[in-house]
Amino acid sequence: MNVFRKILFILLSTWFGALFFVDNTDARPAVTDPGTFFVTGELQDPYRSEYFQVEGVPTLDVHTLSGNIEVVYNPDLDGVQVDLYVSRGFSFWPGRRSLENYRIIIQQRGDRIIASVEDRRSGGVGRDAGGVEFHFVIQAPRRASTNLRNLHGEIWLEGVEGSHFLQNESGGMRVSKVEGEIRAASTSGNLELDQLVGQVHARTVSGHIQS
């Protein structure tokens, strides 16, 4: 009798364990592999990865020194997925490539998602990253507002609806299938605008605007 109870216990434990595992898997958000995206297609595993639940329309504040910013609509998400990639290039001063020189912030304040990189030595985002590039890939629901700024790098915004501000010093911008109020400004980069609905204000000092 004791042997029969032990066998029954093992069978029930295995069955409930398998059921629990399946339920957890189905509950996970369907996050797209960031390696398939436009700007960061050649990067490897993210340095940091965070998922944030939101109750209303999220606002995405993304600031980086040198690197790309990519925000795309993911129809399977109710929240916001943030992936940060770090790549180190050549620098005459190897010490500048240390990540200890930078303050990386990825956090949530209500429905506001903040993803930024600051230089600890200057206290802000106003200098070159010295051979280190910080690339943000963000997946968002359809309704989301954005504030995207970098110094050197590409900005790509696709598929979202809201109020959007994009600014960089050098590097191209691509804004595609976006609705709402869109303001894009670049000092020396080209702006590619495609299938936009709403008020669009675009300016580049020495680049070109393609629509």
# chains A, B, ... in the order shown; residues from 1 in each chain; ligands from 1
$ residues_around --residues "stretch 43-55 of chain A" --least-positions-apart "3" --cutoff "8 Å" --atoms "only C-alpha atoms" --output "number ranges by chain"
A: 35, 40, 58, 78-86, 106, 108, 110-111, 113
$ write_last_selection --atoms "N, CA, C and O atoms" --output "CSV table (one decimal), in the first residue's frame"
chain,number,residue,atom,x,y,z
A,35,GLY,N,17.8,40.9,-32.3
A,35,GLY,CA,18.9,40.8,-33.3
A,35,GLY,C,18.3,40.9,-34.7
A,35,GLY,O,19.1,41.0,-35.6
A,40,THR,N,20.4,47.4,-34.9
A,40,THR,CA,21.3,46.6,-34.1
A,40,THR,C,21.4,45.1,-34.6
A,40,THR,O,21.6,44.2,-33.8
A,58,PRO,N,2.3,54.4,-22.3
A,58,PRO,CA,3.7,54.7,-21.8
A,58,PRO,C,4.4,55.9,-22.6
A,58,PRO,O,4.1,56.1,-23.7
A,78,ASP,N,1.8,44.2,-24.0
A,78,ASP,CA,1.0,45.2,-23.3
A,78,ASP,C,1.9,46.2,-22.5
A,78,ASP,O,1.5,47.3,-22.1
A,79,GLY,N,3.2,45.8,-22.4
A,79,GLY,CA,4.2,46.6,-21.7
A,79,GLY,C,5.3,47.1,-22.6
A,79,GLY,O,5.1,47.1,-23.8
A,80,VAL,N,6.4,47.3,-22.0
A,80,VAL,CA,7.6,47.8,-22.7
A,80,VAL,C,8.8,47.0,-22.4
A,80,VAL,O,9.1,46.7,-21.3
A,81,GLN,N,9.4,46.5,-23.5
A,81,GLN,CA,10.6,45.7,-23.4
A,81,GLN,C,11.8,46.6,-23.8
A,81,GLN,O,11.9,47.2,-24.8
A,82,VAL,N,12.8,46.7,-22.9
A,82,VAL,CA,14.0,47.5,-23.1
A,82,VAL,C,15.2,46.6,-23.1
A,82,VAL,O,15.5,45.8,-22.2
A,83,ASP,N,16.0,46.6,-24.2
A,83,ASP,CA,17.3,45.9,-24.3
A,83,ASP,C,18.4,46.9,-24.6
A,83,ASP,O,18.3,47.7,-25.5
A,84,LEU,N,19.4,46.8,-23.8
A,84,LEU,CA,20.6,47.6,-24.0
A,84,LEU,C,21.8,46.8,-24.4
A,84,LEU,O,22.1,45.8,-23.8
A,85,TYR,N,22.4,47.2,-25.5
A,85,TYR,CA,23.6,46.6,-26.1
A,85,TYR,C,24.8,47.5,-25.9
A,85,TYR,O,24.6,48.7,-26.1
A,86,VAL,N,25.9,47.0,-25.6
A,86,VAL,CA,27.1,47.8,-25.4
A,86,VAL,C,28.2,47.2,-26.4
A,86,VAL,O,28.5,46.0,-26.4
A,106,ILE,N,17.9,52.4,-16.2
A,106,ILE,CA,16.7,51.8,-16.9
A,106,ILE,C,15.7,51.5,-15.8
A,106,ILE,O,15.8,50.6,-15.0
A,108,GLN,N,11.4,52.6,-14.2
A,108,GLN,CA,10.0,52.9,-14.5
A,108,GLN,C,9.5,53.9,-13.4
A,108,GLN,O,9.7,53.6,-12.2
A,110,GLY,N,5.8,55.2,-12.9
A,110,GLY,CA,4.4,55.1,-13.4
A,110,GLY,C,4.4,54.5,-14.8
A,110,GLY,O,4.9,53.4,-15.0
A,111,ASP,N,3.9,55.3,-15.7
A,111,ASP,CA,3.9,54.8,-17.1
A,111,ASP,C,5.0,55.5,-17.9
A,111,ASP,O,5.0,55.4,-19.1
A,113,ILE,N,8.9,55.3,-18.9
A,113,ILE,CA,10.0,54.4,-18.9
A,113,ILE,C,11.2,55.2,-19.2
A,113,ILE,O,11.3,55.9,-20.3
$ residues_around --residues "A:Leu65" --least-positions-apart "2" --cutoff "12 Å" --atoms "only C-alpha atoms" --output "PDB file with C-alpha atoms, in the first residue's frame"
ATOM      1  CA  VAL A  62      15.610  57.376 -24.139  1.00  0.00           C
ATOM      2  CA  HIS A  63      18.938  59.236 -24.074  1.00  0.00           C
ATOM      3  CA  GLY A  67      24.972  54.558 -30.151  1.00  0.00           C
ATOM      4  CA  ASN A  68      21.674  53.772 -31.793  1.00  0.00           C
ATOM      5  CA  ILE A  69      18.112  54.086 -30.507  1.00  0.00           C
ATOM      6  CA  VAL A  86      27.126  47.751 -25.428  1.00  0.00           C
ATOM      7  CA  TYR A 102      28.974  55.757 -17.119  1.00  0.00           C
ATOM      8  CA  ARG A 103      25.712  55.778 -15.222  1.00  0.00           C
ATOM      9  CA  ILE A 104      23.182  53.462 -16.869  1.00  0.00           C
ATOM     10  CA  ALA A 115      16.446  54.448 -20.425  1.00  0.00           C
ATOM     11  CA  SER A 116      19.552  56.613 -20.414  1.00  0.00           C
ATOM     12  CA  VAL A 117      23.327  56.622 -20.314  1.00  0.00           C
ATOM     13  CA  GLU A 118      25.139  59.456 -18.534  1.00  0.00           C
ATOM     14  CA  ASP A 119      28.833  60.235 -18.263  1.00  0.00           C
ATOM     15  CA  ARG A 120      29.800  60.264 -14.584  1.00  0.00           C
ATOM     16  CA  SER A 122      30.625  65.287 -16.931  1.00  0.00           C
ATOM     17  CA  GLY A 124      25.280  64.334 -18.097  1.00  0.00           C
ATOM     18  CA  VAL A 125      25.029  63.227 -21.709  1.00  0.00           C
ATOM     19  CA  GLY A 126      27.021  66.039 -23.262  1.00  0.00           C
ATOM     20  CA  ARG A 127      30.226  64.348 -24.384  1.00  0.00           C
ATOM     21  CA  ASP A 128      31.510  61.577 -26.615  1.00  0.00           C
ATOM     22  CA  ALA A 129      31.473  58.102 -25.090  1.00  0.00           C
ATOM     23  CA  GLY A 130      35.160  57.520 -25.913  1.00  0.00           C
ATOM     24  CA  GLY A 131      34.977  54.325 -27.947  1.00  0.00           C
ATOM     25  CA  VAL A 132      31.947  52.853 -26.143  1.00  0.00           C
ATOM     26  CA  GLU A 133      28.583  52.676 -27.894  1.00  0.00           C
ATOM     27  CA  PHE A 134      25.299  52.141 -26.047  1.00  0.00           C
ATOM     28  CA  HIS A 135      22.475  50.880 -28.267  1.00  0.00           C
ATOM     29  CA  PHE A 136      18.879  50.795 -27.024  1.00  0.00           C
ATOM     30  CA  LEU A 148      14.567  60.020 -28.156  1.00  0.00           C
ATOM     31  CA  ARG A 149      17.926  61.788 -28.057  1.00  0.00           C
ATOM     32  CA  ASN A 150      21.502  60.819 -28.827  1.00  0.00           C
ATOM     33  CA  LEU A 151      24.673  62.563 -29.910  1.00  0.00           C
ATOM     34  CA  HIS A 152      26.214  60.152 -32.392  1.00  0.00           C
ATOM     35  CA  GLY A 153      24.128  57.333 -33.828  1.00  0.00           C
ATOM     36  CA  GLU A 154      21.015  56.305 -35.702  1.00  0.00           C
ATOM     37  CA  GLN A 167      16.985  64.713 -31.839  1.00  0.00           C
ATOM     38  CA  ASN A 168      20.603  63.909 -32.601  1.00  0.00           C
ATOM     39  CA  GLU A 169      23.781  65.652 -33.655  1.00  0.00           C
ATOM     40  CA  SER A 170      25.127  63.212 -36.216  1.00  0.00           C
TER      41      SER A 170
END
$ atom_distance --atom1 "atom CA of A:Val200" --atom2 "atom CA of A:Leu77"
26.5 Å
$ atom_distance --atom1 "atom CA of A:Val72" --atom2 "atom CA of A:Val205"
26.2 Å
$ select_by_dssp --residues "stretch 59-182 of chain A" --states "strand (DSSP E or B)" --output "ChimeraX atom specification"
/A:59-66,69-73,80-88,102-109,112-119,124,132-140,143,145-152,155-158,161-170,173-176,179-182
$ atom_distance --atom1 "atom CA of A:Val175" --atom2 "atom CA of A:Leu60"
15.5 Å
$ closest_residue --among "A:Asn74, A:Thr59, A:Ser66, A:Gly198" --to "A:Ala140" --atoms "only C-alpha atoms"
A:Asn74
$ residues_around --residues "A:Leu157" --least-positions-apart "5" --cutoff "10 Å" --atoms "only C-alpha atoms" --output "list in words"
Ile69, Glu70, Val71, Val72, Tyr73, Ile138, Thr146, Leu148, His164, Leu166, Met173, Arg174, Val175, Ser176, Lys177, Val178 and Leu193 of chain A
